Each structure stands twice: as structure tokens, then as C-alpha cells.
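Raw contents of final32.csv, CSV, C-alpha atoms:
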```csv
chain,number,residue,atom,x,y,z
A,1,MET,CA,-12.5,-13.9,-16.8
A,2,PRO,CA,-12.3,-14.4,-20.5
A,3,GLU,CA,-9.4,-16.4,-21.9
A,4,HIS,CA,-6.4,-14.3,-22.9
A,5,ALA,CA,-2.7,-14.8,-23.3
A,6,PRO,CA,-1.0,-15.2,-20.0
A,7,SER,CA,0.5,-12.1,-18.2
A,8,ALA,CA,4.2,-11.4,-18.1
A,9,PRO,CA,6.3,-13.9,-16.1
A,10,LEU,CA,6.5,-13.2,-12.4
A,11,GLY,CA,10.2,-13.2,-12.1
A,12,THR,CA,11.0,-11.3,-15.3
A,13,ALA,CA,12.6,-7.9,-15.0
A,14,ILE,CA,10.8,-5.1,-17.0
A,15,THR,CA,13.4,-4.1,-19.6
A,16,PRO,CA,13.0,-0.8,-21.4
A,17,ALA,CA,14.2,-0.3,-25.0
A,18,PRO,CA,15.8,3.2,-25.0
A,19,ALA,CA,15.9,3.5,-28.7
A,20,LYS,CA,12.1,3.4,-28.8
A,21,GLY,CA,11.7,6.0,-26.1
A,22,PRO,CA,10.9,5.8,-22.4
A,23,LEU,CA,9.0,2.9,-21.0
A,24,LEU,CA,5.8,3.9,-19.1
A,25,VAL,CA,5.5,1.7,-16.0
A,26,ALA,CA,2.0,2.0,-14.4
A,27,HIS,CA,1.7,0.6,-11.0
A,28,LEU,CA,-2.0,-0.2,-10.5
A,29,GLY,CA,-2.2,-0.5,-6.8
A,30,GLY,CA,-5.0,-2.3,-5.1
A,31,PRO,CA,-5.6,-1.1,-1.5
A,32,LYS,CA,-3.8,-3.0,1.3
A,33,THR,CA,-1.1,-4.3,-1.1
A,34,GLY,CA,1.7,-1.9,-0.2
A,35,SER,CA,0.6,0.8,-2.5
A,36,SER,CA,1.0,3.7,0.0
A,37,ALA,CA,4.4,2.3,0.9
A,38,ILE,CA,5.5,2.2,-2.8
A,39,GLN,CA,4.3,5.8,-3.3
A,40,ALA,CA,5.8,7.2,-0.2
A,41,PHE,CA,9.2,5.5,-0.8
A,42,CYS,CA,9.4,6.6,-4.4
A,43,ASP,CA,8.3,10.1,-3.6
A,44,HIS,CA,10.9,10.4,-0.8
A,45,ASN,CA,13.7,9.0,-3.1
A,46,ARG,CA,12.6,10.4,-6.4
A,47,THR,CA,15.8,12.4,-6.9
A,48,ALA,CA,18.0,9.4,-6.3
A,49,LEU,CA,15.8,7.2,-8.5
A,50,PHE,CA,16.1,9.7,-11.2
A,51,ARG,CA,19.8,10.5,-11.0
A,52,GLN,CA,21.1,7.0,-10.0
A,53,HIS,CA,18.7,4.5,-11.5
A,54,GLY,CA,17.1,6.2,-14.6
A,55,ILE,CA,13.6,6.2,-13.2
A,56,LEU,CA,11.5,9.4,-13.3
A,57,TYR,CA,8.8,9.4,-10.6
A,58,PRO,CA,7.0,12.7,-10.7
A,59,THR,CA,6.7,14.7,-7.4
A,60,LEU,CA,3.7,14.4,-5.2
A,61,ASN,CA,4.4,17.9,-3.9
A,62,PRO,CA,5.8,20.3,-6.5
A,63,ASP,CA,6.7,22.9,-3.9
A,64,ARG,CA,9.1,20.7,-2.0
A,65,VAL,CA,12.7,19.6,-2.7
A,66,PRO,CA,13.0,16.6,-0.4
A,67,ASP,CA,16.8,16.4,-0.1
A,68,GLY,CA,17.5,20.1,0.0
A,69,THR,CA,19.3,19.9,-3.3
A,70,PRO,CA,18.0,22.2,-6.0
A,71,PRO,CA,17.5,20.6,-9.4
A,72,ASP,CA,20.7,20.7,-11.4
A,73,SER,CA,19.7,19.0,-14.6
A,74,PRO,CA,16.8,19.3,-17.1
A,75,GLY,CA,13.9,17.1,-16.3
A,76,ASP,CA,14.8,16.7,-12.6
A,77,PRO,CA,11.5,15.5,-11.1
A,78,ASN,CA,11.5,17.7,-8.0
A,79,LEU,CA,9.7,20.7,-9.4
A,80,GLU,CA,8.7,20.2,-13.0
A,81,LEU,CA,5.7,17.9,-12.8
A,82,PRO,CA,2.6,18.1,-10.7
A,83,HIS,CA,0.9,15.5,-8.6
A,84,HIS,CA,0.1,12.5,-10.7
A,85,GLY,CA,-2.4,10.6,-8.6
A,86,ALA,CA,-5.9,11.9,-7.7
A,87,VAL,CA,-5.2,15.2,-9.5
A,88,ILE,CA,-4.4,13.6,-12.9
A,89,MET,CA,-7.5,11.4,-12.7
A,90,GLY,CA,-9.6,14.5,-12.3
A,91,MET,CA,-8.2,16.2,-15.3
A,92,GLU,CA,-9.9,16.3,-18.7
A,93,PRO,CA,-8.3,14.0,-21.3
A,94,ASP,CA,-6.4,16.8,-23.0
A,95,ALA,CA,-4.9,17.9,-19.7
A,96,GLN,CA,-3.9,14.3,-18.9
A,97,ASP,CA,-2.2,14.0,-22.3
A,98,ASP,CA,-0.4,17.3,-21.7
A,99,TYR,CA,0.8,16.1,-18.4
A,100,LEU,CA,2.1,12.8,-19.7
A,101,ASP,CA,3.7,14.5,-22.7
A,102,ARG,CA,5.7,16.7,-20.4
A,103,ALA,CA,6.7,13.7,-18.4
A,104,VAL,CA,7.9,11.9,-21.5
A,105,ASP,CA,9.7,15.0,-22.7
A,106,ALA,CA,11.5,15.2,-19.3
A,107,CYS,CA,12.6,11.5,-19.8
A,108,ARG,CA,13.8,12.1,-23.4
A,109,ALA,CA,15.7,15.3,-22.5
A,110,THR,CA,17.8,13.3,-20.0
A,111,ASN,CA,17.8,9.9,-21.6
A,112,THR,CA,15.8,8.5,-18.7
A,113,PRO,CA,14.5,5.1,-19.7
A,114,ILE,CA,11.6,4.6,-17.3
A,115,LEU,CA,8.7,6.8,-16.4
A,116,LEU,CA,7.0,5.3,-13.3
A,117,LEU,CA,3.5,6.2,-12.2
A,118,SER,CA,1.5,4.8,-9.3
A,119,LEU,CA,-2.1,5.1,-8.4
A,120,GLU,CA,-4.3,3.3,-5.9
A,121,ALA,CA,-7.9,2.0,-6.3
A,122,PRO,CA,-10.8,2.8,-6.8
A,123,SER,CA,-9.9,4.5,-10.1
A,124,LEU,CA,-7.9,1.6,-11.5
A,125,PRO,CA,-9.9,0.9,-14.7
A,126,ALA,CA,-9.9,4.6,-15.7
A,127,TYR,CA,-6.3,4.8,-14.8
A,128,ALA,CA,-5.4,1.9,-17.1
A,129,ASP,CA,-7.5,3.4,-19.8
A,130,MET,CA,-5.6,6.6,-19.6
A,131,VAL,CA,-2.3,4.7,-19.9
A,132,ARG,CA,-3.7,2.8,-22.9
A,133,ARG,CA,-4.9,6.0,-24.6
A,134,HIS,CA,-1.5,7.7,-24.1
A,135,THR,CA,0.5,4.8,-25.4
A,136,GLU,CA,-1.7,4.5,-28.5
A,137,ARG,CA,-1.3,8.2,-29.1
A,138,THR,CA,2.5,8.3,-28.7
A,139,GLY,CA,3.5,4.8,-29.8
A,140,LEU,CA,5.3,4.2,-26.5
A,141,ARG,CA,5.2,0.9,-24.7
A,142,ALA,CA,3.5,0.7,-21.3
A,143,VAL,CA,3.7,-2.0,-18.7
A,144,ALA,CA,1.2,-2.4,-15.9
A,145,VAL,CA,2.3,-3.9,-12.5
A,146,CYS,CA,-0.4,-5.2,-10.2
A,147,TYR,CA,-0.2,-6.9,-6.8
A,148,VAL,CA,-3.0,-9.2,-5.5
A,149,ARG,CA,-3.4,-10.3,-2.0
A,150,ARG,CA,-5.1,-13.4,-0.3
A,151,GLN,CA,-8.6,-12.3,0.7
A,152,ASP,CA,-8.6,-13.3,4.3
A,153,THR,CA,-5.4,-11.4,5.2
A,154,TRP,CA,-6.7,-8.5,3.1
A,155,MET,CA,-9.9,-8.4,5.1
A,156,GLU,CA,-8.1,-8.4,8.4
A,157,ASP,CA,-5.8,-5.6,7.4
A,158,ALA,CA,-8.7,-3.6,5.9
A,159,TRP,CA,-10.9,-4.1,8.9
A,160,LYS,CA,-8.2,-2.7,11.2
A,161,GLN,CA,-7.7,0.2,8.9
A,162,TRP,CA,-11.3,1.1,8.0
A,163,GLY,CA,-13.9,-1.4,9.3
A,164,LEU,CA,-13.5,-1.0,13.0
A,165,LYS,CA,-14.3,2.7,12.6
A,166,TYR,CA,-17.8,1.8,11.5
A,167,ASP,CA,-20.4,0.8,14.0
A,168,GLN,CA,-21.9,-1.7,11.5
A,169,TYR,CA,-18.7,-3.8,11.4
A,170,PRO,CA,-18.0,-4.5,15.1
A,171,THR,CA,-15.8,-7.5,14.4
A,172,PRO,CA,-13.6,-8.7,11.6
A,173,ASP,CA,-16.0,-11.6,10.9
A,174,ASP,CA,-18.9,-9.1,10.4
A,175,PHE,CA,-16.7,-7.1,8.0
A,176,ALA,CA,-15.8,-10.2,6.0
A,177,ARG,CA,-19.4,-11.3,5.9
A,178,ALA,CA,-20.5,-7.9,4.6
A,179,LEU,CA,-17.8,-8.0,1.9
A,180,MET,CA,-18.7,-11.4,0.7
A,181,ASP,CA,-22.5,-10.6,0.7
A,182,ARG,CA,-21.8,-7.2,-0.9
A,183,ALA,CA,-23.9,-5.7,1.8
A,184,LEU,CA,-22.0,-2.4,1.8
A,185,ASP,CA,-23.1,1.3,1.9
A,186,ASP,CA,-19.8,3.0,1.0
A,187,VAL,CA,-18.4,3.5,-2.5
A,188,PHE,CA,-14.9,2.6,-1.3
A,189,PHE,CA,-16.0,-0.8,0.0
A,190,ARG,CA,-17.9,-1.5,-3.2
A,191,ALA,CA,-14.7,-0.9,-5.0
A,192,ALA,CA,-13.0,-3.3,-2.6
A,193,VAL,CA,-15.3,-6.0,-3.7
A,194,SER,CA,-13.9,-5.6,-7.2
A,195,VAL,CA,-10.4,-5.9,-5.9
A,196,LEU,CA,-11.2,-9.0,-3.8
A,197,GLU,CA,-12.8,-10.7,-6.8
A,198,HIS,CA,-10.1,-9.5,-9.3
A,199,THR,CA,-12.8,-8.1,-11.6
A,200,TRP,CA,-10.8,-4.9,-12.0
A,201,LEU,CA,-8.0,-6.9,-13.6
A,202,GLU,CA,-10.4,-8.2,-16.2
A,203,GLU,CA,-10.9,-4.6,-17.3
A,204,VAL,CA,-7.2,-3.9,-17.2
A,205,TRP,CA,-6.5,-6.9,-19.5
A,206,GLY,CA,-9.2,-5.5,-21.8
A,207,PHE,CA,-7.3,-2.2,-22.1
A,208,MET,CA,-3.7,-3.6,-22.4
A,209,ASP,CA,-1.8,-6.3,-24.1
A,210,PRO,CA,-1.8,-9.2,-21.7
A,211,ALA,CA,1.9,-9.7,-22.2
A,212,ASP,CA,2.4,-6.2,-20.7
A,213,VAL,CA,0.4,-6.9,-17.5
A,214,VAL,CA,2.6,-8.2,-14.6
A,215,VAL,CA,0.5,-9.7,-11.8
A,216,ARG,CA,2.3,-10.6,-8.7
A,217,PRO,CA,0.9,-12.3,-5.5
A,218,TYR,CA,1.5,-10.2,-2.4
A,219,GLU,CA,3.2,-12.9,-0.5
A,220,ARG,CA,6.5,-12.6,1.3
A,221,PHE,CA,8.1,-15.7,-0.2
A,222,ALA,CA,7.3,-14.4,-3.7
A,223,LEU,CA,8.5,-10.8,-3.2
A,224,GLN,CA,12.1,-9.8,-3.4
A,225,CYS,CA,13.3,-9.6,0.2
A,226,GLY,CA,9.7,-10.1,1.3
A,227,ASP,CA,9.1,-6.4,0.6
A,228,VAL,CA,6.8,-5.0,-2.0
A,229,VAL,CA,8.8,-1.8,-2.6
A,230,ALA,CA,12.0,-3.8,-3.2
A,231,ASP,CA,10.0,-6.1,-5.5
A,232,LEU,CA,8.6,-3.3,-7.7
A,233,LEU,CA,11.9,-1.4,-8.0
A,234,GLY,CA,13.8,-4.7,-8.5
A,235,LEU,CA,11.6,-5.3,-11.5
A,236,LEU,CA,12.8,-2.0,-12.8
A,237,GLY,CA,16.4,-2.8,-12.4
A,238,VAL,CA,17.2,-1.5,-8.9
A,239,GLY,CA,19.2,-4.3,-7.4
A,240,SER,CA,18.8,-3.2,-3.8
A,241,ILE,CA,17.0,-0.4,-2.0
A,242,ALA,CA,19.3,-0.6,1.1
A,243,HIS,CA,21.1,2.6,0.1
A,244,LEU,CA,17.9,4.5,-0.2
A,245,PRO,CA,16.4,6.0,3.0
A,246,PRO,CA,12.9,5.0,4.1
A,247,PRO,CA,10.4,7.8,4.2
A,248,PRO,CA,9.3,9.2,7.5
A,249,ALA,CA,6.2,7.4,8.9
A,250,THR,CA,3.0,9.3,8.6
A,251,ASN,CA,-0.7,8.5,9.2
A,252,LEU,CA,-1.1,8.3,5.4
A,253,ASN,CA,1.7,5.8,4.6
A,254,THR,CA,2.1,3.7,7.8
A,255,ASN,CA,-0.2,0.9,8.8
A,256,HIS,CA,0.7,0.6,12.5
A,257,GLY,CA,0.7,-2.9,14.0
A,258,PHE,CA,-0.8,-3.8,17.3
A,259,THR,CA,-1.6,-6.7,19.5
A,260,PRO,CA,-5.3,-7.7,19.4
A,261,GLU,CA,-5.8,-6.2,22.8
A,262,ALA,CA,-4.7,-2.8,21.5
A,263,ILE,CA,-6.9,-3.1,18.4
A,264,LYS,CA,-9.8,-3.9,20.7
A,265,LEU,CA,-9.0,-0.8,22.8
A,266,LEU,CA,-9.2,1.3,19.6
A,267,ARG,CA,-12.5,-0.3,18.7
A,268,THR,CA,-14.0,0.9,22.0
A,269,VAL,CA,-13.1,4.5,21.3
A,270,ARG,CA,-14.6,4.9,17.8
A,271,ALA,CA,-15.8,8.4,18.7
A,272,MET,CA,-12.2,9.6,18.7
A,273,PHE,CA,-11.9,8.9,15.0
A,274,ASP,CA,-12.7,11.9,12.8
A,275,GLY,CA,-13.9,9.8,9.8
A,276,VAL,CA,-12.8,6.6,8.3
A,277,PHE,CA,-9.5,7.9,7.0
A,278,ASP,CA,-8.4,9.4,10.3
A,279,ASN,CA,-5.5,7.4,11.7
A,280,GLY,CA,-4.5,9.8,14.4
A,281,PRO,CA,-5.6,7.5,17.3
A,282,TYR,CA,-3.5,4.7,15.8
A,283,ALA,CA,-0.4,6.9,15.7
A,284,MET,CA,-1.0,8.2,19.2
A,285,LEU,CA,-1.4,4.7,20.7
A,286,HIS,CA,1.5,3.3,18.6
A,287,ASP,CA,3.7,6.2,19.9
A,288,ALA,CA,2.7,5.7,23.5
A,289,LEU,CA,2.7,1.9,23.9
A,290,PRO,CA,5.9,0.0,24.4
A,291,ARG,CA,7.0,-1.9,21.3
A,292,ALA,CA,5.9,-5.2,22.8
A,293,ALA,CA,2.3,-4.1,22.7
A,294,ALA,CA,2.6,-2.4,19.3
A,295,ALA,CA,3.8,-5.6,17.6
A,296,PRO,CA,2.7,-6.2,13.9
A,297,PHE,CA,-0.9,-7.3,14.2
A,298,ALA,CA,-0.6,-9.5,11.1
A,299,HIS,CA,1.2,-12.1,13.2
A,300,VAL,CA,-2.1,-12.7,15.0
A,301,GLY,CA,-5.2,-13.8,13.2
A,302,LEU,CA,-8.2,-11.5,13.6
A,303,LEU,CA,-10.7,-13.6,11.7
A,304,SER,CA,-12.1,-16.6,13.4
A,305,PRO,CA,-10.8,-19.9,12.0
A,306,GLY,CA,-14.3,-20.8,10.7
A,307,MET,CA,-14.7,-17.4,8.9
A,308,ARG,CA,-11.2,-17.7,7.4
A,309,ALA,CA,-12.1,-21.0,5.9
A,310,THR,CA,-15.4,-19.5,4.6
A,311,VAL,CA,-13.6,-16.6,3.0
A,312,LEU,CA,-11.0,-18.8,1.3
A,313,ALA,CA,-13.7,-21.1,-0.1
A,314,HIS,CA,-15.8,-18.2,-1.2
A,315,TYR,CA,-13.0,-16.6,-3.3
A,316,ALA,CA,-11.4,-19.9,-4.5
A,317,PRO,CA,-13.1,-19.7,-7.9
A,318,HIS,CA,-11.9,-16.1,-8.4
A,319,ASN,CA,-8.3,-17.1,-7.5
A,320,ARG,CA,-8.3,-20.1,-9.7
A,321,ARG,CA,-9.5,-18.1,-12.7
A,322,LEU,CA,-6.7,-15.6,-12.2
A,323,ALA,CA,-4.1,-18.2,-11.5
A,324,LEU,CA,-4.9,-20.0,-14.8
A,325,ARG,CA,-3.9,-16.8,-16.6
A,326,MET,CA,-0.5,-16.8,-15.0
A,327,PRO,CA,2.4,-18.3,-16.9
A,328,ASP,CA,2.8,-22.1,-16.6
A,329,ALA,CA,6.5,-21.5,-16.2
A,330,HIS,CA,5.8,-20.2,-12.7
A,331,ASP,CA,3.7,-23.2,-11.7
A,332,ARG,CA,0.3,-21.5,-11.7
A,333,GLY,CA,-1.1,-23.9,-14.3
A,334,ASP,CA,-2.6,-25.9,-11.5
A,335,GLY,CA,-4.9,-23.0,-10.6
A,336,VAL,CA,-3.3,-22.2,-7.3
A,337,LEU,CA,-2.7,-18.4,-7.1
A,338,PHE,CA,-1.5,-18.1,-3.5
A,339,ARG,CA,1.2,-20.5,-2.2
A,340,GLU,CA,1.2,-19.3,1.4
A,341,VAL,CA,-1.6,-21.0,3.3
A,342,PRO,CA,-3.0,-20.3,6.7
A,343,ASP,CA,-1.3,-22.0,9.7
A,344,PRO,CA,-4.0,-24.1,11.3
A,345,ASP,CA,-2.3,-23.6,14.7
A,346,ALA,CA,-1.9,-19.9,14.3
A,347,PRO,CA,-3.2,-17.9,17.3
A,348,TRP,CA,-6.3,-15.8,17.0
A,349,TRP,CA,-8.3,-13.7,19.4
A,350,PRO,CA,-12.0,-14.6,19.9
A,351,ASP,CA,-14.2,-11.6,20.0
A,352,ARG,CA,-14.7,-10.5,23.6
A,353,GLU,CA,-14.7,-7.4,25.7
A,354,LEU,CA,-11.4,-6.2,27.3
A,355,THR,CA,-11.1,-6.9,31.0
A,356,MET,CA,-10.5,-4.0,33.3
A,357,GLN,CA,-7.0,-5.4,34.0
A,358,GLU,CA,-6.1,-5.3,30.3
A,359,VAL,CA,-7.4,-1.7,29.9
A,360,ALA,CA,-5.6,-0.5,33.0
A,361,THR,CA,-2.4,-2.2,32.0
A,362,MET,CA,-2.3,-0.6,28.6
A,363,LEU,CA,-3.1,2.8,30.0
A,364,MET,CA,-0.4,2.5,32.6
A,365,GLN,CA,2.0,1.4,29.9
A,366,CYS,CA,1.2,4.6,28.0
A,367,VAL,CA,1.6,6.7,31.1
A,368,GLN,CA,4.9,5.0,32.0
A,369,ARG,CA,6.3,5.5,28.5
A,370,GLN,CA,5.4,9.2,28.5
A,371,HIS,CA,6.9,9.6,32.0
A,372,VAL,CA,10.2,8.1,30.8
A,373,ARG,CA,10.2,10.4,27.7
A,374,ILE,CA,9.5,13.5,29.8
A,375,GLY,CA,12.3,12.5,32.2
A,376,ALA,CA,14.7,12.2,29.3
A,377,LEU,CA,13.7,15.6,27.9
A,378,GLU,CA,14.0,17.2,31.3
A,379,GLU,CA,17.5,15.7,31.7
A,380,ARG,CA,18.5,16.9,28.3
A,381,LEU,CA,17.2,20.4,29.1
A,382,GLU,CA,19.2,20.5,32.3
A,383,GLN,CA,22.3,19.6,30.3
A,384,LEU,CA,21.8,22.4,27.9
A,385,GLU,CA,21.2,24.9,30.7
A,386,ARG,CA,24.4,23.8,32.4
A,387,ARG,CA,26.3,24.2,29.2
A,388,GLU,CA,24.9,27.6,28.6
A,389,ARG,CA,25.9,28.7,32.1
A,390,LYS,CA,29.4,27.5,31.6
A,391,GLU,CA,29.7,29.5,28.3
```
Take the structure from the file and write it as C-alpha cells.
Amino acid sequence: MPEHAPSAPLGTAITPAPAKGPLLVAHLGGPKTGSSAIQAFCDHNRTALFRQHGILYPTLNPDRVPDGTPPDSPGDPNLELPHHGAVIMGMEPDAQDDYLDRAVDACRATNTPILLLSLEAPSLPAYADMVRRHTERTGLRAVAVCYVRRQDTWMEDAWKQWGLKYDQYPTPDDFARALMDRALDDVFFRAAVSVLEHTWLEEVWGFMDPADVVVRPYERFALQCGDVVADLLGLLGVGSIAHLPPPPATNLNTNHGFTPEAIKLLRTVRAMFDGVFDNGPYAMLHDALPRAAAAPFAHVGLLSPGMRATVLAHYAPHNRRLALRMPDAHDRGDGVLFREVPDPDAPWWPDRELTMQEVATMLMQCVQRQHVRIGALEERLEQLERRERKE
């Protein structure tokens, strides 16, 4: 990356200046860095964020009022603004400008200090350019917030979400090797290479003032409460999100965790997946397995120890270049971007076929869990029938 001024300090809150108009905060979300969780949470709580915290987060569904409360003030985000993600990136520049102008007008009509947008890769450079064009045209200030993740953990997460659905990536090690070699045949994975090497951030810095680009490592010790949603909203002045309800889990915003055995079971039934973005079998298995088997998979390494070391060595120069652009006040001047390092004694699961006993045990766990649920439903139905006979 070329030399630039460092990005905004990691721990600094993003403070708007109401006299100068609303502040446009653009979350530029790389995949597998909590972007879907941020978008789902803000969408689900957009009314509370608007009314209680002065943050306008436009609706992802203009036909739905999430809390059953009709808008009661000008600029309420529930119904006034359209989807701002993929739709806005498909608009012509004039239509994008009109959309953002209406969002800014909604903020000004209600003295709302922050307009929050969020979009995930692979359109990040174009998204940043749209934000730059709008701020230059209107004179408003914009801040970009970006999260970056250590590449080995990113690959494990991404393989579970996408890679295992492809025959050419039978193991996490194969997937990691393809990413490092750029031996990919899908536009999404080519974009992932840009995210892993931080090259998309170079383009963002070219579009925006470096002082208005906040880059934060996606590491639990560095995030507020270890949670990316709390971290982003904390930067915007929301002291706690405990009073805001979490969104319902869906196949689009939930990355179900599993033991390695359950992940291997999913790998053996690739034919069940209806494309790389189909997470239905994940949800079905997560719902059917007892919680002990559906534990967060991130606690167990999927990459082999040798491949993990290879990945970290491969991306070390990229991480160092990015770290050197971080403020010295946050101890990145030594070129170390990620402070959390792999545990050399952490468990991992060597690639092997499931045994018949493992498969049978998981299937029986699923059957048993469903049997218990059916029994509970039958009991509840009998209670309702008895109550109805008494009445």
C-alpha cells in the first residue's frame, strides 16, 4: 500500500457535528467479519436506533414495520427509504444521489445526527466511491468503518460457509491453498482474495481522507464486549445494546456452529445444497442436533497446524503493511496487525471419513431430539383439548 496518513484511532468514538449536517457513516463490510450480523441487528432495531439514539438506518424491507408501531414522526425509517444494499449499488449515479439526498433530508427534518449505511463485499470500492461522490457533492462528512480478520480463521469460517459446498474444495486445507494460489473459478472467491490481502482497503483510502477511515481488527479482545455489533454501535455513541432485542435467526444472518463431526456430515451430503448460498441443511441440522453437538465450530481448528502456519506466513507482509498505517498510539507501529495468535495446543480435526458409529450417533441424536419435541407438542395439544372440553 502507498504511504498515507494513518487511519482514525481504534478506540475513538465517531462524533458527529450537528451544525454541519448529519454524519454519513458507511460500514464497508468484508465477508465473514460480522457484516450480516450488523445489518440484521440494525434492521431489526432501526426504529429504536432512530428514536432513542439518533441513528437513521434505512429499512431493508419498505413494506414491513418490524415493531408493529406505525411511523409517528417525519423521517421515521420504517417506510420512507428503500433497500440500500444491492439495490442502491445497481442504481444509476443520479438515482443513488436521489436516494442519499432523501436519506439526508430525513435526518435533517428530525435533527438526526447519524445516517448509517452498511454493505458487504464484493462491491466495496464502488460503494466507497459512491460515498465519496455524495459527500463531495453535498459537503457532508463521511466516515468509513472497516473490520479485518486474521486470514486463517477467515478461511475456516468461509470454507464452512461456502467451500465445503464445492467438490473442488474437499477440505479446509484445499480451500486455503486455492485462495493463496488464486486458483479460483468464482467471482466471489476472487473478491475474497482482495479482502484477504487488504487490497480493497487501498482503494478505499484512495477515495476517502485517511483520517475518516476507521479500520478495526476483528478480534474479541479488541471489540467492545467481544461483539462486532456492539463495537460498531459503540463507536456511534450507543453505550450498550443490551436493551435492544436480537433479530430472529435466519439462514441469511446466522452462521451456525458445529462440531467437526457435524461439519463432516454436511460435507458428505453436498447434493442436498441448492447452490453455494443455500444454508438450509445447516439450519436443519442445527435445529435437530442437541446443543452439545451444535457447539460453535470456531472453538475447534479446521485447518491443519501446518497449513495454518503457511497461511499466516503467506499473509504476514499484507498484515504488516496495513498495521503500519494504523496509529502508533494503538501500538501498531511495530507492524503487528493481529494480537490474538493461534494456540499451539488448540485441538484440530485431521481430515478423515466419519465412522459408522459417529454417523449413527448423530442421526439417533436428531431422531431423539425430534421425538422429544413431538412428545412435548402432543402433551400441549392434549392440555388444550382438555381445557376446551371443560369450557
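Rounded to one decimal, atom CA of A:Pro247 and atom CA of A:Cys42 lie 8.7 Å from each other.
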Name the closest residue to A:Glu353 among the candidates A:Asp278, A:Asp157, A:Glu378, A:Glu261; distances are taken between atoms, counting all atoms listed in the file.
A:Glu261
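Using all atoms listed in the file, the contacts of stretch 96-108 of chain A at a cut-off of 8 Å, with sequence neighbours closer than 2 positions omitted, comprise Gly21, Pro22, Leu56, Pro58, Pro74, Gly75, Asp76, Leu81, Ile88, Met89, Met91, Glu92, Pro93, Asp94, Thr110, Asn111, Thr112, Pro113, Ile114, Leu115, Met130 and His134 of chain A.
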Please identify all polymer residues within 9 Å of A:Ser118, counting all atoms listed in the file, omitting same-chain residues fewer than 4 positions from it, and present them as an NGL selection string.
:A and (25-29 or 35 or 38-39 or 57 or 84-85)
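For the pair atom CA of A:Val148 and atom CA of A:Pro246, the separation is 23.4 Å.
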Which protein, DNA or RNA residues are at most 9 Å from (20.2, 1.1, -4.2) in the file's coordinates when you count only C-alpha atoms, listed as a list of chain:residue names?
A:Ala48, A:Leu49, A:Gln52, A:His53, A:Val238, A:Gly239, A:Ser240, A:Ile241, A:Ala242, A:His243, A:Leu244
Rank A:Val269, A:Met356, A:Val214, A:Leu119 by their smallest atom-to-atom distance to A:Ser36, using all atoms listed in the file, and report the top residue only.
A:Leu119
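The coordinates place atom CA of A:Pro344 at 20.3 Å from atom CA of A:Tyr218.
Minimum atom-to-atom distance to A:Leu223, evaluated using all atoms listed in the file, belongs to A:Arg149 out of A:Ala288, A:Leu354, A:Arg149, A:Ala17.
Residues lying within 8 Å of A:Leu24, counting all atoms listed in the file and ignoring same-chain neighbours fewer than 4 positions away, are A:Ile114, A:Leu115, A:Leu116, A:Leu117, A:Leu140, A:Arg141, A:Ala142, A:Val143.
For the residues A:Ala144, A:Leu164, A:Leu337, A:Cys366, ranking by smallest atom-to-atom distance to A:Pro125 using all atoms listed in the file places A:Ala144 first.
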Please reconstruct the missing atoms of stretch 259-271 of chain A (target: N, CA, C and O atoms) and return them as a PDB file, keeping the file's coordinate frame.
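File written: part_20.pdb
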```
ATOM      1  N   THR A 259      -1.072  -5.457  18.993  1.00  0.00           N
ATOM      2  CA  THR A 259      -1.600  -6.700  19.500  1.00  0.00           C
ATOM      3  C   THR A 259      -3.142  -6.629  19.411  1.00  0.00           C
ATOM      4  O   THR A 259      -3.723  -5.546  19.331  1.00  0.00           O
ATOM      5  N   PRO A 260      -3.803  -7.769  19.418  1.00  0.00           N
ATOM      6  CA  PRO A 260      -5.300  -7.700  19.400  1.00  0.00           C
ATOM      7  C   PRO A 260      -5.898  -6.928  20.499  1.00  0.00           C
ATOM      8  O   PRO A 260      -6.922  -6.275  20.311  1.00  0.00           O
ATOM      9  N   GLU A 261      -5.272  -6.942  21.689  1.00  0.00           N
ATOM     10  CA  GLU A 261      -5.800  -6.200  22.800  1.00  0.00           C
ATOM     11  C   GLU A 261      -5.818  -4.668  22.468  1.00  0.00           C
ATOM     12  O   GLU A 261      -6.783  -3.948  22.768  1.00  0.00           O
ATOM     13  N   ALA A 262      -4.732  -4.194  21.851  1.00  0.00           N
ATOM     14  CA  ALA A 262      -4.700  -2.800  21.500  1.00  0.00           C
ATOM     15  C   ALA A 262      -5.694  -2.442  20.415  1.00  0.00           C
ATOM     16  O   ALA A 262      -6.299  -1.365  20.432  1.00  0.00           O
ATOM     17  N   ILE A 263      -5.889  -3.364  19.477  1.00  0.00           N
ATOM     18  CA  ILE A 263      -6.900  -3.100  18.400  1.00  0.00           C
ATOM     19  C   ILE A 263      -8.284  -3.044  19.083  1.00  0.00           C
ATOM     20  O   ILE A 263      -9.103  -2.178  18.722  1.00  0.00           O
ATOM     21  N   LYS A 264      -8.549  -3.915  20.044  1.00  0.00           N
ATOM     22  CA  LYS A 264      -9.800  -3.900  20.700  1.00  0.00           C
ATOM     23  C   LYS A 264     -10.010  -2.563  21.495  1.00  0.00           C
ATOM     24  O   LYS A 264     -11.115  -1.999  21.548  1.00  0.00           O
ATOM     25  N   LEU A 265      -8.932  -2.063  22.080  1.00  0.00           N
ATOM     26  CA  LEU A 265      -9.000  -0.800  22.800  1.00  0.00           C
ATOM     27  C   LEU A 265      -9.407   0.325  21.810  1.00  0.00           C
ATOM     28  O   LEU A 265     -10.248   1.178  22.127  1.00  0.00           O
ATOM     29  N   LEU A 266      -8.826   0.308  20.622  1.00  0.00           N
ATOM     30  CA  LEU A 266      -9.200   1.300  19.600  1.00  0.00           C
ATOM     31  C   LEU A 266     -10.649   1.159  19.202  1.00  0.00           C
ATOM     32  O   LEU A 266     -11.336   2.151  18.940  1.00  0.00           O
ATOM     33  N   ARG A 267     -11.124  -0.067  19.136  1.00  0.00           N
ATOM     34  CA  ARG A 267     -12.500  -0.300  18.700  1.00  0.00           C
ATOM     35  C   ARG A 267     -13.485   0.315  19.729  1.00  0.00           C
ATOM     36  O   ARG A 267     -14.577   0.750  19.358  1.00  0.00           O
ATOM     37  N   THR A 268     -13.093   0.343  20.992  1.00  0.00           N
ATOM     38  CA  THR A 268     -14.000   0.900  22.000  1.00  0.00           C
ATOM     39  C   THR A 268     -14.036   2.372  22.070  1.00  0.00           C
ATOM     40  O   THR A 268     -14.850   2.932  22.808  1.00  0.00           O
ATOM     41  N   VAL A 269     -13.169   3.045  21.307  1.00  0.00           N
ATOM     42  CA  VAL A 269     -13.100   4.500  21.300  1.00  0.00           C
ATOM     43  C   VAL A 269     -13.369   5.047  19.905  1.00  0.00           C
ATOM     44  O   VAL A 269     -12.692   5.967  19.457  1.00  0.00           O
ATOM     45  N   ARG A 270     -14.319   4.466  19.206  1.00  0.00           N
ATOM     46  CA  ARG A 270     -14.600   4.900  17.800  1.00  0.00           C
ATOM     47  C   ARG A 270     -14.882   6.394  17.735  1.00  0.00           C
ATOM     48  O   ARG A 270     -14.606   7.023  16.722  1.00  0.00           O
ATOM     49  N   ALA A 271     -15.466   6.958  18.786  1.00  0.00           N
ATOM     50  CA  ALA A 271     -15.800   8.400  18.700  1.00  0.00           C
ATOM     51  C   ALA A 271     -14.596   9.286  18.576  1.00  0.00           C
ATOM     52  O   ALA A 271     -14.724  10.436  18.162  1.00  0.00           O
TER      53      ALA A 271
END
```
